[in-house]
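J.: So here's run32.cif, just mmCIF, C-alpha atoms:
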data_entry
#
loop_
_atom_site.group_PDB
_atom_site.id
_atom_site.type_symbol
_atom_site.label_atom_id
_atom_site.label_comp_id
_atom_site.auth_asym_id
_atom_site.auth_seq_id
_atom_site.Cartn_x
_atom_site.Cartn_y
_atom_site.Cartn_z
ATOM 1 C CA MET A 22 3.229 51.763 -10.817
ATOM 2 C CA ASN A 23 4.418 49.305 -13.430
ATOM 3 C CA ASN A 24 8.209 48.894 -13.374
ATOM 4 C CA TYR A 25 8.310 49.067 -17.163
ATOM 5 C CA SER A 26 6.811 52.565 -17.133
ATOM 6 C CA LYS A 27 9.631 53.991 -15.065
ATOM 7 C CA LYS A 28 11.925 56.350 -16.886
ATOM 8 C CA LYS A 29 15.361 54.945 -17.587
ATOM 9 C CA PRO A 30 18.231 56.816 -15.883
ATOM 10 C CA GLY A 31 20.154 59.184 -18.102
ATOM 11 C CA LEU A 32 23.736 58.781 -19.260
ATOM 12 C CA LEU A 33 25.111 61.067 -16.556
ATOM 13 C CA ALA A 34 23.217 59.153 -13.856
ATOM 14 C CA ARG A 35 24.558 55.824 -15.123
ATOM 15 C CA ILE A 36 28.104 57.184 -15.149
ATOM 16 C CA LYS A 37 27.773 58.380 -11.554
ATOM 17 C CA LYS A 38 26.315 55.027 -10.520
ATOM 18 C CA ASN A 39 29.178 53.073 -12.080
ATOM 19 C CA ALA A 40 31.937 55.597 -11.376
ATOM 20 C CA ALA A 41 33.874 53.158 -9.192
ATOM 21 C CA CYS A 42 33.877 50.543 -11.969
ATOM 22 C CA TYR A 43 35.096 53.076 -14.536
ATOM 23 C CA LEU A 44 37.861 54.236 -12.203
ATOM 24 C CA GLY A 45 38.965 50.626 -11.729
ATOM 25 C CA LEU A 46 39.083 50.067 -15.484
ATOM 26 C CA GLY A 47 40.781 53.409 -16.124
ATOM 27 C CA PRO A 48 44.442 52.356 -15.690
ATOM 28 C CA PHE A 49 43.944 49.270 -17.868
ATOM 29 C CA MET A 50 42.230 51.259 -20.627
ATOM 30 C CA ILE A 51 44.974 53.899 -20.574
ATOM 31 C CA LEU A 52 47.695 51.251 -20.894
ATOM 32 C CA LEU A 53 45.712 49.517 -23.653
ATOM 33 C CA LEU A 54 45.377 52.753 -25.619
ATOM 34 C CA VAL A 55 49.013 53.792 -25.155
ATOM 35 C CA PHE A 56 50.746 50.451 -25.735
ATOM 36 C CA VAL A 57 48.339 48.640 -28.087
ATOM 37 C CA PHE A 58 45.918 50.815 -30.062
ATOM 38 C CA PHE A 59 48.206 53.812 -30.500
ATOM 39 C CA PRO A 60 51.138 51.735 -31.899
ATOM 40 C CA ILE A 61 48.725 49.905 -34.225
ATOM 41 C CA ALA A 62 47.329 53.187 -35.522
ATOM 42 C CA GLN A 63 50.821 54.641 -35.895
ATOM 43 C CA GLY A 64 52.073 51.585 -37.763
ATOM 44 C CA PHE A 65 49.112 51.720 -40.144
ATOM 45 C CA PHE A 66 49.695 55.431 -40.813
ATOM 46 C CA ARG A 67 53.470 55.005 -41.261
ATOM 47 C CA SER A 68 52.901 52.273 -43.846
ATOM 48 C CA PHE A 69 51.783 55.036 -46.234
ATOM 49 C CA THR A 70 54.938 57.122 -45.695
ATOM 50 C CA ASP A 71 58.626 56.984 -46.637
ATOM 51 C CA TRP A 72 59.633 56.672 -42.992
ATOM 52 C CA SER A 73 63.330 55.860 -42.704
ATOM 53 C CA VAL A 74 65.889 55.219 -39.985
ATOM 54 C CA ASP A 75 67.517 58.512 -40.940
ATOM 55 C CA ILE A 76 65.197 60.956 -39.152
ATOM 56 C CA ARG A 77 66.909 63.880 -40.874
ATOM 57 C CA ALA A 78 65.332 62.803 -44.161
ATOM 58 C CA GLY A 79 61.865 63.655 -42.864
ATOM 59 C CA ILE A 80 58.628 61.750 -43.407
ATOM 60 C CA HIS A 81 56.488 62.156 -46.534
ATOM 61 C CA PHE A 82 53.205 60.593 -47.582
ATOM 62 C CA VAL A 83 53.759 58.151 -50.485
ATOM 63 C CA GLY A 84 50.338 56.526 -50.708
ATOM 64 C CA LEU A 85 50.347 52.847 -51.675
ATOM 65 C CA ASP A 86 53.969 52.823 -52.903
ATOM 66 C CA ASN A 87 55.157 50.628 -50.008
ATOM 67 C CA TYR A 88 52.472 48.054 -50.702
ATOM 68 C CA ARG A 89 53.291 48.056 -54.418
ATOM 69 C CA THR A 90 56.965 47.554 -53.573
ATOM 70 C CA ILE A 91 56.416 44.510 -51.362
ATOM 71 C CA PHE A 92 54.082 42.857 -53.879
ATOM 72 C CA ASP A 93 55.616 43.788 -57.255
ATOM 73 C CA GLY A 94 57.621 40.539 -57.372
ATOM 74 C CA THR A 95 60.716 42.168 -58.880
ATOM 75 C CA SER A 96 62.528 44.071 -56.116
ATOM 76 C CA ASN A 97 64.688 42.283 -53.554
ATOM 77 C CA THR A 98 62.291 43.347 -50.785
ATOM 78 C CA SER A 99 59.305 41.943 -52.650
ATOM 79 C CA ILE A 100 61.015 38.649 -53.492
ATOM 80 C CA ARG A 101 62.057 38.134 -49.876
ATOM 81 C CA PHE A 102 58.664 39.096 -48.444
ATOM 82 C CA LEU A 103 56.715 36.865 -50.823
ATOM 83 C CA LYS A 104 59.137 34.042 -50.028
ATOM 84 C CA SER A 105 58.505 34.596 -46.310
ATOM 85 C CA LEU A 106 54.749 34.294 -46.871
ATOM 86 C CA LYS A 107 55.232 31.020 -48.770
ATOM 87 C CA ASN A 108 57.407 29.679 -45.952
ATOM 88 C CA LEU A 109 54.697 30.713 -43.487
ATOM 89 C CA ALA A 110 52.079 28.802 -45.485
ATOM 90 C CA VAL A 111 54.192 25.643 -45.082
ATOM 91 C CA TYR A 112 55.317 26.187 -41.500
ATOM 92 C CA VAL A 113 51.992 27.077 -39.865
ATOM 93 C CA PRO A 114 50.026 23.919 -40.830
ATOM 94 C CA MET A 115 52.982 21.697 -39.911
ATOM 95 C CA THR A 116 53.586 23.119 -36.452
ATOM 96 C CA ILE A 117 49.886 23.413 -35.555
ATOM 97 C CA VAL A 118 48.764 19.973 -36.749
ATOM 98 C CA ILE A 119 51.741 18.108 -35.301
ATOM 99 C CA GLY A 120 52.008 20.209 -32.135
ATOM 100 C CA LEU A 121 48.314 20.116 -31.221
ATOM 101 C CA SER A 122 48.098 16.388 -31.982
ATOM 102 C CA ILE A 123 50.962 15.679 -29.580
ATOM 103 C CA SER A 124 49.479 17.974 -26.898
ATOM 104 C CA LEU A 125 46.043 16.369 -27.208
ATOM 105 C CA ILE A 126 47.412 12.829 -27.073
ATOM 106 C CA LEU A 127 49.524 13.665 -24.012
ATOM 107 C CA ALA A 128 46.534 15.275 -22.289
ATOM 108 C CA LEU A 129 44.312 12.264 -23.021
ATOM 109 C CA VAL A 130 46.920 9.807 -21.722
ATOM 110 C CA VAL A 131 47.975 11.765 -18.628
ATOM 111 C CA ASN A 132 44.355 12.534 -17.775
ATOM 112 C CA GLN A 133 43.876 8.826 -16.970
ATOM 113 C CA PHE A 134 46.134 9.255 -13.920
ATOM 114 C CA ARG A 135 44.210 12.072 -12.216
ATOM 115 C CA PHE A 136 42.146 9.834 -9.940
ATOM 116 C CA GLY A 137 43.020 7.916 -6.811
ATOM 117 C CA LYS A 138 46.558 6.760 -6.090
ATOM 118 C CA SER A 139 47.772 7.771 -9.547
ATOM 119 C CA ARG A 140 47.297 11.479 -8.769
ATOM 120 C CA ARG A 141 51.000 11.888 -7.993
ATOM 121 C CA LYS A 142 51.902 10.558 -11.438
ATOM 122 C CA PHE A 143 49.431 13.013 -12.947
ATOM 123 C CA ASN A 144 51.042 15.986 -11.191
ATOM 124 C CA ALA A 145 54.553 14.760 -12.027
ATOM 125 C CA PHE A 146 53.791 14.391 -15.750
ATOM 126 C CA ARG A 147 52.200 17.852 -15.877
ATOM 127 C CA GLY A 148 55.298 19.395 -14.323
ATOM 128 C CA ILE A 149 57.714 17.537 -16.602
ATOM 129 C CA TYR A 150 55.886 18.392 -19.818
ATOM 130 C CA TYR A 151 55.571 22.059 -18.848
ATOM 131 C CA VAL A 152 59.314 22.598 -18.264
ATOM 132 C CA PRO A 153 60.207 23.469 -21.925
ATOM 133 C CA THR A 154 57.499 26.158 -21.948
ATOM 134 C CA VAL A 155 59.154 27.934 -19.001
ATOM 135 C CA LEU A 156 62.479 28.182 -20.836
ATOM 136 C CA PRO A 157 63.060 31.280 -23.029
ATOM 137 C CA LEU A 158 62.937 30.586 -26.755
ATOM 138 C CA PHE A 159 66.542 31.683 -27.281
ATOM 139 C CA LEU A 160 67.652 29.103 -24.715
ATOM 140 C CA CYS A 161 65.510 26.368 -26.289
ATOM 141 C CA THR A 162 66.976 27.216 -29.682
ATOM 142 C CA GLY A 163 70.529 27.164 -28.314
ATOM 143 C CA ILE A 164 69.969 23.770 -26.684
ATOM 144 C CA TRP A 165 68.579 22.215 -29.852
ATOM 145 C CA CYS A 166 71.256 23.744 -32.074
ATOM 146 C CA MET A 167 73.845 22.189 -29.764
ATOM 147 C CA PHE A 168 72.069 18.808 -29.898
ATOM 148 C CA MET A 169 71.751 18.956 -33.709
ATOM 149 C CA ALA A 170 75.193 20.394 -34.490
ATOM 150 C CA ALA A 171 76.883 18.598 -37.380
ATOM 151 C CA ASN A 172 79.288 15.828 -36.249
ATOM 152 C CA THR A 173 79.292 16.913 -32.583
ATOM 153 C CA GLY A 174 75.606 17.096 -31.641
ATOM 154 C CA VAL A 175 74.174 14.342 -29.429
ATOM 155 C CA PHE A 176 71.163 13.686 -31.645
ATOM 156 C CA THR A 177 73.127 14.112 -34.861
ATOM 157 C CA SER A 178 75.757 11.584 -33.715
ATOM 158 C CA ALA A 179 73.031 9.126 -32.702
ATOM 159 C CA LEU A 180 71.298 9.458 -36.060
ATOM 160 C CA ASN A 181 74.589 9.044 -37.917
ATOM 161 C CA ALA A 182 75.346 5.904 -35.877
ATOM 162 C CA LEU A 183 72.034 4.487 -37.076
ATOM 163 C CA GLY A 184 72.842 5.423 -40.659
ATOM 164 C CA LEU A 185 70.237 8.178 -40.757
ATOM 165 C CA PHE A 186 70.736 11.721 -42.050
ATOM 166 C CA GLU A 187 74.490 11.237 -42.494
ATOM 167 C CA GLY A 188 76.345 14.411 -43.466
ATOM 168 C CA VAL A 189 73.299 16.590 -42.786
ATOM 169 C CA SER A 190 73.715 20.019 -41.181
ATOM 170 C CA TRP A 191 70.391 20.779 -39.541
ATOM 171 C CA THR A 192 71.180 24.447 -38.992
ATOM 172 C CA THR A 193 72.429 25.294 -42.490
ATOM 173 C CA ASP A 194 71.002 22.764 -44.986
ATOM 174 C CA SER A 195 67.940 24.309 -46.584
ATOM 175 C CA GLY A 196 66.165 20.973 -46.690
ATOM 176 C CA TYR A 197 66.359 20.381 -42.918
ATOM 177 C CA SER A 198 66.470 23.782 -41.208
ATOM 178 C CA LEU A 199 62.699 24.220 -41.525
ATOM 179 C CA ALA A 200 62.195 20.842 -39.851
ATOM 180 C CA LEU A 201 64.482 21.973 -37.017
ATOM 181 C CA VAL A 202 62.428 25.151 -36.515
ATOM 182 C CA VAL A 203 59.226 23.067 -36.354
ATOM 183 C CA ILE A 204 60.787 20.644 -33.847
ATOM 184 C CA ILE A 205 61.968 23.445 -31.540
ATOM 185 C CA ASP A 206 58.656 25.273 -31.694
ATOM 186 C CA ILE A 207 56.659 22.114 -30.926
ATOM 187 C CA TRP A 208 59.008 21.183 -28.084
ATOM 188 C CA ASN A 209 58.585 24.641 -26.550
ATOM 189 C CA ALA A 210 54.815 25.065 -27.072
ATOM 190 C CA THR A 211 53.520 21.548 -26.390
ATOM 191 C CA GLY A 212 53.677 21.979 -22.603
ATOM 192 C CA PHE A 213 51.469 25.082 -22.608
ATOM 193 C CA ASN A 214 48.839 23.517 -24.879
ATOM 194 C CA PHE A 215 48.994 20.303 -22.860
ATOM 195 C CA ILE A 216 48.315 22.165 -19.586
ATOM 196 C CA ILE A 217 45.347 24.056 -21.073
ATOM 197 C CA LEU A 218 43.810 20.897 -22.566
ATOM 198 C CA SER A 219 44.461 18.948 -19.381
ATOM 199 C CA ALA A 220 42.719 21.639 -17.323
ATOM 200 C CA GLY A 221 39.752 21.492 -19.682
ATOM 201 C CA MET A 222 39.502 17.741 -19.252
ATOM 202 C CA GLN A 223 39.469 18.103 -15.468
ATOM 203 C CA ASP A 224 36.261 20.136 -15.746
ATOM 204 C CA ILE A 225 34.467 17.171 -17.317
ATOM 205 C CA SER A 226 32.531 15.311 -14.636
ATOM 206 C CA GLN A 227 33.769 11.807 -13.862
ATOM 207 C CA GLU A 228 30.134 10.761 -13.414
ATOM 208 C CA MET A 229 29.601 11.045 -17.150
ATOM 209 C CA TYR A 230 32.394 8.562 -17.809
ATOM 210 C CA GLU A 231 31.031 6.229 -15.131
ATOM 211 C CA ALA A 232 27.554 6.355 -16.673
ATOM 212 C CA ALA A 233 29.041 5.637 -20.098
ATOM 213 C CA SER A 234 30.953 2.667 -18.668
ATOM 214 C CA ILE A 235 27.725 1.272 -17.221
ATOM 215 C CA ASP A 236 26.151 1.569 -20.688
ATOM 216 C CA GLY A 237 29.062 -0.405 -22.111
ATOM 217 C CA ALA A 238 30.878 2.423 -23.906
ATOM 218 C CA SER A 239 34.461 1.742 -24.968
ATOM 219 C CA THR A 240 37.394 4.068 -24.255
ATOM 220 C CA PHE A 241 37.286 5.336 -27.840
ATOM 221 C CA GLN A 242 33.561 6.037 -27.595
ATOM 222 C CA LYS A 243 34.069 7.961 -24.348
ATOM 223 C CA MET A 244 36.720 10.067 -26.030
ATOM 224 C CA THR A 245 34.660 10.817 -29.162
ATOM 225 C CA LYS A 246 31.255 11.205 -27.495
ATOM 226 C CA ILE A 247 32.168 12.845 -24.176
ATOM 227 C CA THR A 248 35.710 14.218 -24.029
ATOM 228 C CA MET A 249 36.043 15.860 -27.448
ATOM 229 C CA PRO A 250 32.577 17.527 -27.598
ATOM 230 C CA LEU A 251 32.893 18.950 -24.070
ATOM 231 C CA LEU A 252 36.524 19.962 -24.682
ATOM 232 C CA GLU A 253 35.659 21.860 -27.876
ATOM 233 C CA PRO A 254 35.689 25.407 -26.365
ATOM 234 C CA VAL A 255 39.100 24.824 -24.793
ATOM 235 C CA LEU A 256 40.436 23.180 -27.943
ATOM 236 C CA PHE A 257 39.198 26.111 -30.017
ATOM 237 C CA PHE A 258 41.061 28.552 -27.760
ATOM 238 C CA VAL A 259 44.259 26.502 -28.111
ATOM 239 C CA ILE A 260 43.888 26.424 -31.913
ATOM 240 C CA ILE A 261 43.365 30.203 -32.140
ATOM 241 C CA ASN A 262 46.288 30.907 -29.819
ATOM 242 C CA SER A 263 48.531 28.499 -31.763
ATOM 243 C CA PHE A 264 47.637 30.097 -35.099
ATOM 244 C CA ILE A 265 48.387 33.617 -33.865
ATOM 245 C CA GLY A 266 51.689 32.514 -32.333
ATOM 246 C CA ALA A 267 52.781 30.501 -35.385
ATOM 247 C CA LEU A 268 52.011 33.356 -37.788
ATOM 248 C CA GLN A 269 54.339 35.622 -35.789
ATOM 249 C CA VAL A 270 57.267 33.173 -35.692
ATOM 250 C CA TYR A 271 60.528 35.050 -35.311
ATOM 251 C CA ASP A 272 62.899 34.051 -32.478
ATOM 252 C CA ILE A 273 63.852 30.519 -33.486
ATOM 253 C CA PRO A 274 64.709 31.036 -37.203
ATOM 254 C CA TRP A 275 66.373 34.372 -36.441
ATOM 255 C CA ILE A 276 68.735 32.839 -33.894
ATOM 256 C CA ILE A 277 69.538 29.888 -36.172
ATOM 257 C CA THR A 278 70.380 31.983 -39.240
ATOM 258 C CA SER A 279 71.439 35.436 -37.995
ATOM 259 C CA LYS A 280 75.113 36.100 -38.643
ATOM 260 C CA ALA A 281 77.247 39.219 -38.812
ATOM 261 C CA ASP A 282 75.374 40.276 -41.969
ATOM 262 C CA ILE A 283 71.711 40.991 -41.227
ATOM 263 C CA ASN A 284 70.809 40.140 -44.821
ATOM 264 C CA SER A 285 71.757 36.512 -44.095
ATOM 265 C CA VAL A 286 68.686 35.934 -41.907
ATOM 266 C CA GLY A 287 66.491 33.212 -43.329
ATOM 267 C CA GLY A 288 69.387 30.970 -44.256
ATOM 268 C CA PRO A 289 70.464 29.800 -47.733
ATOM 269 C CA GLY A 290 67.669 30.449 -50.188
ATOM 270 C CA GLN A 291 65.649 32.105 -47.381
ATOM 271 C CA VAL A 292 64.075 28.724 -46.609
ATOM 272 C CA ILE A 293 63.286 29.754 -43.019
ATOM 273 C CA LEU A 294 62.647 33.431 -43.661
ATOM 274 C CA PHE A 295 59.335 34.598 -42.175
ATOM 275 C CA PRO A 296 57.483 37.953 -42.349
ATOM 276 C CA VAL A 297 58.485 39.303 -38.913
ATOM 277 C CA MET A 298 62.130 38.538 -39.704
ATOM 278 C CA GLU A 299 61.861 40.417 -42.987
ATOM 279 C CA MET A 300 60.323 43.401 -41.174
ATOM 280 C CA VAL A 301 63.246 43.558 -38.760
ATOM 281 C CA ARG A 302 65.726 43.177 -41.630
ATOM 282 C CA ASN A 303 64.111 46.087 -43.464
ATOM 283 C CA ILE A 304 64.422 48.275 -40.385
ATOM 284 C CA TYR A 305 68.074 47.539 -39.601
ATOM 285 C CA ALA A 306 69.486 46.918 -43.072
ATOM 286 C CA GLY A 307 69.875 50.662 -43.555
ATOM 287 C CA THR A 308 67.771 50.738 -46.730
ATOM 288 C CA THR A 309 65.879 53.843 -47.775
ATOM 289 C CA ASN A 310 62.280 53.860 -46.547
ATOM 290 C CA GLY A 311 62.973 50.677 -44.567
ATOM 291 C CA LEU A 312 60.640 51.536 -41.693
ATOM 292 C CA GLY A 313 57.794 52.434 -44.032
ATOM 293 C CA ARG A 314 58.055 49.106 -45.866
ATOM 294 C CA ALA A 315 58.330 47.241 -42.562
ATOM 295 C CA CYS A 316 55.095 48.884 -41.405
ATOM 296 C CA ALA A 317 53.384 47.903 -44.659
ATOM 297 C CA GLU A 318 54.529 44.298 -44.172
ATOM 298 C CA GLY A 319 53.247 44.438 -40.604
ATOM 299 C CA VAL A 320 49.843 45.634 -41.782
ATOM 300 C CA VAL A 321 49.683 42.763 -44.280
ATOM 301 C CA LEU A 322 50.617 40.204 -41.613
ATOM 302 C CA THR A 323 48.069 41.688 -39.199
ATOM 303 C CA GLY A 324 45.422 41.416 -41.915
ATOM 304 C CA ILE A 325 46.303 37.751 -42.475
ATOM 305 C CA ILE A 326 46.062 37.021 -38.740
ATOM 306 C CA MET A 327 42.701 38.784 -38.470
ATOM 307 C CA LEU A 328 41.354 37.018 -41.566
ATOM 308 C CA ILE A 329 42.349 33.549 -40.362
ATOM 309 C CA THR A 330 40.957 34.263 -36.886
ATOM 310 C CA LEU A 331 37.665 35.465 -38.395
ATOM 311 C CA VAL A 332 37.409 32.374 -40.605
ATOM 312 C CA LEU A 333 38.011 30.083 -37.632
ATOM 313 C CA PHE A 334 35.312 31.853 -35.605
ATOM 314 C CA ARG A 335 32.867 31.628 -38.529
ATOM 315 C CA VAL A 336 33.553 27.933 -39.014
ATOM 316 C CA ARG A 337 33.036 27.287 -35.299
ATOM 317 C CA LYS A 338 29.811 29.320 -35.290
ATOM 318 C CA LYS A 339 28.382 27.292 -38.200
ATOM 319 C CA ARG A 340 29.259 24.035 -36.470
ATOM 320 C CA THR A 341 27.575 25.066 -33.217
ATOM 321 C CA ILE A 342 24.350 26.286 -34.833
#
Please express the file's structure as structure tokens.
T.:
Amino acid sequence: MNNYSKKKPGLLARIKKNAACYLGLGPFMILLLVFVFFPIAQGFFRSFTDWSVDIRAGIHFVGLDNYRTIFDGTSNTSIRFLKSLKNLAVYVPMTIVIGLSISLILALVVNQFRFGKSRRKFNAFRGIYYVPTVLPLFLCTGIWCMFMAANTGVFTSALNALGLFEGVSWTTDSGYSLALVVIIDIWNATGFNFIILSAGMQDISQEMYEAASIDGASTFQKMTKITMPLLEPVLFFVIINSFIGALQVYDIPWIITSKADINSVGGPGQVILFPVMEMVRNIYAGTTNGLGRACAEGVVLTGIIMLITLVLFRVRKKRTI
């Protein structure tokens, strides 16, 4: 009998056949539902309510009021949130372009040492560059704030000795605190991106480079014609991961600017205020309906992340067609 004429097994039969696989996936799916999808659904629902820290006040459906509040441009919450989005629009391109450029350059340079007697240098450089990534962000921020402290910081004193940035307070001056956040973030994230890109380069066959050398290709031609095209899937992953991480920036600017008063986060003029920081401020500032507005801001930020991710996937799909 022709195999194509056989009747396909029913749903129940397929479930029985793959029961072991479903049981193996069960714990993961339960954790995913409980700790990922359920909180997302709850946050989306709460964004349409007057949810407050004071649970005695109850929760009431208010429709789109929270979204109107954060976008009306007149209330303090709206002004701060819109300012945080503007800061994000400046911060994200800076940290991604500079950070990924440094990671890619380091990977290209260090990758030259992965053959023969230079292998030890290759392993040593990978370990050294990955160290900042292992450190917690609060520790990285503390180290850099100590280095950049006005008058007493190692880097600040060195710059002042050279006649550069004299009298500048990197942690409080609105013109320089954003640069400090970018520096700390790049210093912390470069090692991770470098390791991923370096691993991608190791998957490229050395025979391709040898064949290109025989054909007389220069180092630049090897990089543009072999390394970059074959590294594209890995590079795309690093770009997506960097975008998602940069859009959720929180730890570094919070530590730099948080004082006794929670409303001081973001620094003078809120120059390093970002959406996640404003969400936390809304929750703990004791304002009415603070949790509801924080959820609405979270939904907006999630929408921005999803939109940018979708655009990047579409652009990549068009380029690969």
J.: Could the centre and edge lengths of an axis-aligned box, enclosing all atoms of region 183-190 of chain A in the file with 4 Å extra on each side, be given in Å to one decimal as AutoDock Vina command-line options?
T.:
--center_x 73.3 --center_y 12.3 --center_z -40.3 --size_x 14.1 --size_y 23.5 --size_z 14.4
J.: Let me make sure I understand: among A:Arg101, A:Arg340, A:Lys37, A:Arg147, which one has the smallest atom-to-atom distance to Arg302 (chain A) if we use all atoms listed in the file?
T.: A:Arg101
J.: Determine the residue set returned by the PyMOL selection byres ((chain A and resi 219) around 9) for the present structure, and present it as a list in words.
T.: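 Written out, the selection comes to Leu125, Leu127, Ala128, Leu129, Val131, Asn132, Arg147, Asn214, Phe215, Ile216, Ile217, Leu218, Ala220, Gly221, Met222 and Gln223 of chain A.
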J.: Taking the file above as input, evaluate the PyMOL selection byres ((chain A and resi 102) around 9) and report the hits as a list in words.
T.: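 Listing what the PyMOL selection byres ((chain A and resi 102) around 9) selects in the shown file: Ile91, Phe92, Asn97, Thr98, Ser99, Ile100, Arg101, Leu103, Lys104, Ser105, Leu106, Lys107, Leu294, Phe295, Pro296, Glu299, Met300 and Glu318 of chain A.
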J.: Go ahead and dump the residues you just picked, C-alpha atoms, as a CSV table (one decimal), in the coordinates of the input.
T.:
chain,number,residue,atom,x,y,z
A,91,ILE,CA,56.4,44.5,-51.4
A,92,PHE,CA,54.1,42.9,-53.9
A,97,ASN,CA,64.7,42.3,-53.6
A,98,THR,CA,62.3,43.3,-50.8
A,99,SER,CA,59.3,41.9,-52.6
A,100,ILE,CA,61.0,38.6,-53.5
A,101,ARG,CA,62.1,38.1,-49.9
A,103,LEU,CA,56.7,36.9,-50.8
A,104,LYS,CA,59.1,34.0,-50.0
A,105,SER,CA,58.5,34.6,-46.3
A,106,LEU,CA,54.7,34.3,-46.9
A,107,LYS,CA,55.2,31.0,-48.8
A,294,LEU,CA,62.6,33.4,-43.7
A,295,PHE,CA,59.3,34.6,-42.2
A,296,PRO,CA,57.5,38.0,-42.3
A,299,GLU,CA,61.9,40.4,-43.0
A,300,MET,CA,60.3,43.4,-41.2
A,318,GLU,CA,54.5,44.3,-44.2
J.: Which residues, written as a ChimeraX atom specification, have at least one atom at most 12 Å from Trp165 (chain A), with only C-alpha atoms counted and residues fewer than 5 positions away on the same chain left out?
T.: /A:153,158-160,170-171,174-177,191-192,198,200-209,273,276-277
J.: Quick check on the file I pasted: which residues fall under the PyMOL selection byres ((chain A and resi 121) around 9)? Write them as a PyMOL selection string.
T.: chain A and resi 116-120+122-126+207+211+214-215+259-260+263
J.: May I ask which of the residues A:Ile329, A:Leu252, A:Ile225, A:Ile293 is the closest one to Asp194 (chain A), counting all atoms listed in the file?
T.: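 Nearest to Asp194 (chain A): A:Ile293.
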J.: Mind pulling up the distance from CA of Thr240 (chain A) to CA of Ser139 (chain A)?
T.: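 Atom-to-atom, CA of Ser139 (chain A) and CA of Thr240 (chain A) are spaced 18.4 Å apart.
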J.: CA of Met229 (chain A) to CA of Lys142 (chain A): how many Å, to one decimal?
T.: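 Interatomic distance here is 23.0 Å.
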J.: Take CA of Phe66 (chain A) and CA of Gly84 (chain A) and report the distance between them in Å, one decimal.
T.: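 So the two atoms, CA of Phe66 (chain A) and CA of Gly84 (chain A), lie 10.0 Å apart.
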J.: Restricting the calculation to only C-alpha atoms: of A:Ala40, A:Gln63, A:Lys243, A:Trp275, which residue gets closest to Gln291 (chain A)?
T.: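 Residue with the minimum atom-to-atom distance to Gln291 (chain A): A:Trp275.
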J.: Name the closest residue to Glu228 (chain A) among the candidates A:Thr278, A:Ile247, A:Tyr150, A:Arg314; distances are taken between atoms, counting all atoms listed in the file.
T.: A:Ile247
J.: Taking into account all atoms listed in the file, which residue in the set A:Met50, A:Ala41, A:Ala210, A:Ile80 is nearest to Gly313 (chain A)?
T.: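 Closest to Gly313 (chain A), using all atoms listed in the file: A:Ile80.
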J.: Of the candidates A:Gln269, A:Ser279, A:Asn172, A:Thr309, which shows the shortest atom-to-atom distance to Ile325 (chain A), using all atoms listed in the file?
T.: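 Closest to Ile325 (chain A), using all atoms listed in the file: A:Gln269.
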J.: Residues near Val292 (chain A), anyone? I mean within 8 Å using all atoms listed in the file, not counting same-chain ones fewer than 6 positions away, as number ranges by chain.
T.: A: 108, 195, 198-199
J.: Missing atoms in region 328-336 of chain A: fill them in up to N, CA, C and O atoms and send the result as a compact mmCIF listing (two decimals), keeping the file's coordinate frame.
T.:
# COMPACT_ATOMS: atom_id res chain seq x y z
N LEU A 328 42.18 37.78 -40.63
CA LEU A 328 41.35 37.02 -41.57
C LEU A 328 41.24 35.56 -41.14
O LEU A 328 40.13 34.99 -41.11
N ILE A 329 42.37 34.95 -40.79
CA ILE A 329 42.35 33.55 -40.36
C ILE A 329 41.54 33.39 -39.07
O ILE A 329 40.75 32.44 -38.93
N THR A 330 41.71 34.32 -38.14
CA THR A 330 40.96 34.26 -36.89
C THR A 330 39.46 34.37 -37.15
O THR A 330 38.65 33.63 -36.58
N LEU A 331 39.07 35.29 -38.05
CA LEU A 331 37.66 35.47 -38.40
C LEU A 331 37.10 34.21 -39.04
O LEU A 331 35.98 33.78 -38.71
N VAL A 332 37.86 33.61 -39.94
CA VAL A 332 37.41 32.37 -40.60
C VAL A 332 37.20 31.26 -39.59
O VAL A 332 36.20 30.53 -39.64
N LEU A 333 38.14 31.12 -38.66
CA LEU A 333 38.01 30.08 -37.63
C LEU A 333 36.78 30.30 -36.76
O LEU A 333 36.06 29.35 -36.43
N PHE A 334 36.50 31.56 -36.40
CA PHE A 334 35.31 31.85 -35.60
C PHE A 334 34.04 31.56 -36.40
O PHE A 334 33.06 31.04 -35.85
N ARG A 335 34.03 31.89 -37.70
CA ARG A 335 32.87 31.63 -38.53
C ARG A 335 32.63 30.13 -38.67
O ARG A 335 31.48 29.66 -38.60
N VAL A 336 33.69 29.38 -38.88
CA VAL A 336 33.55 27.93 -39.01
C VAL A 336 33.00 27.34 -37.72
O VAL A 336 32.10 26.48 -37.75
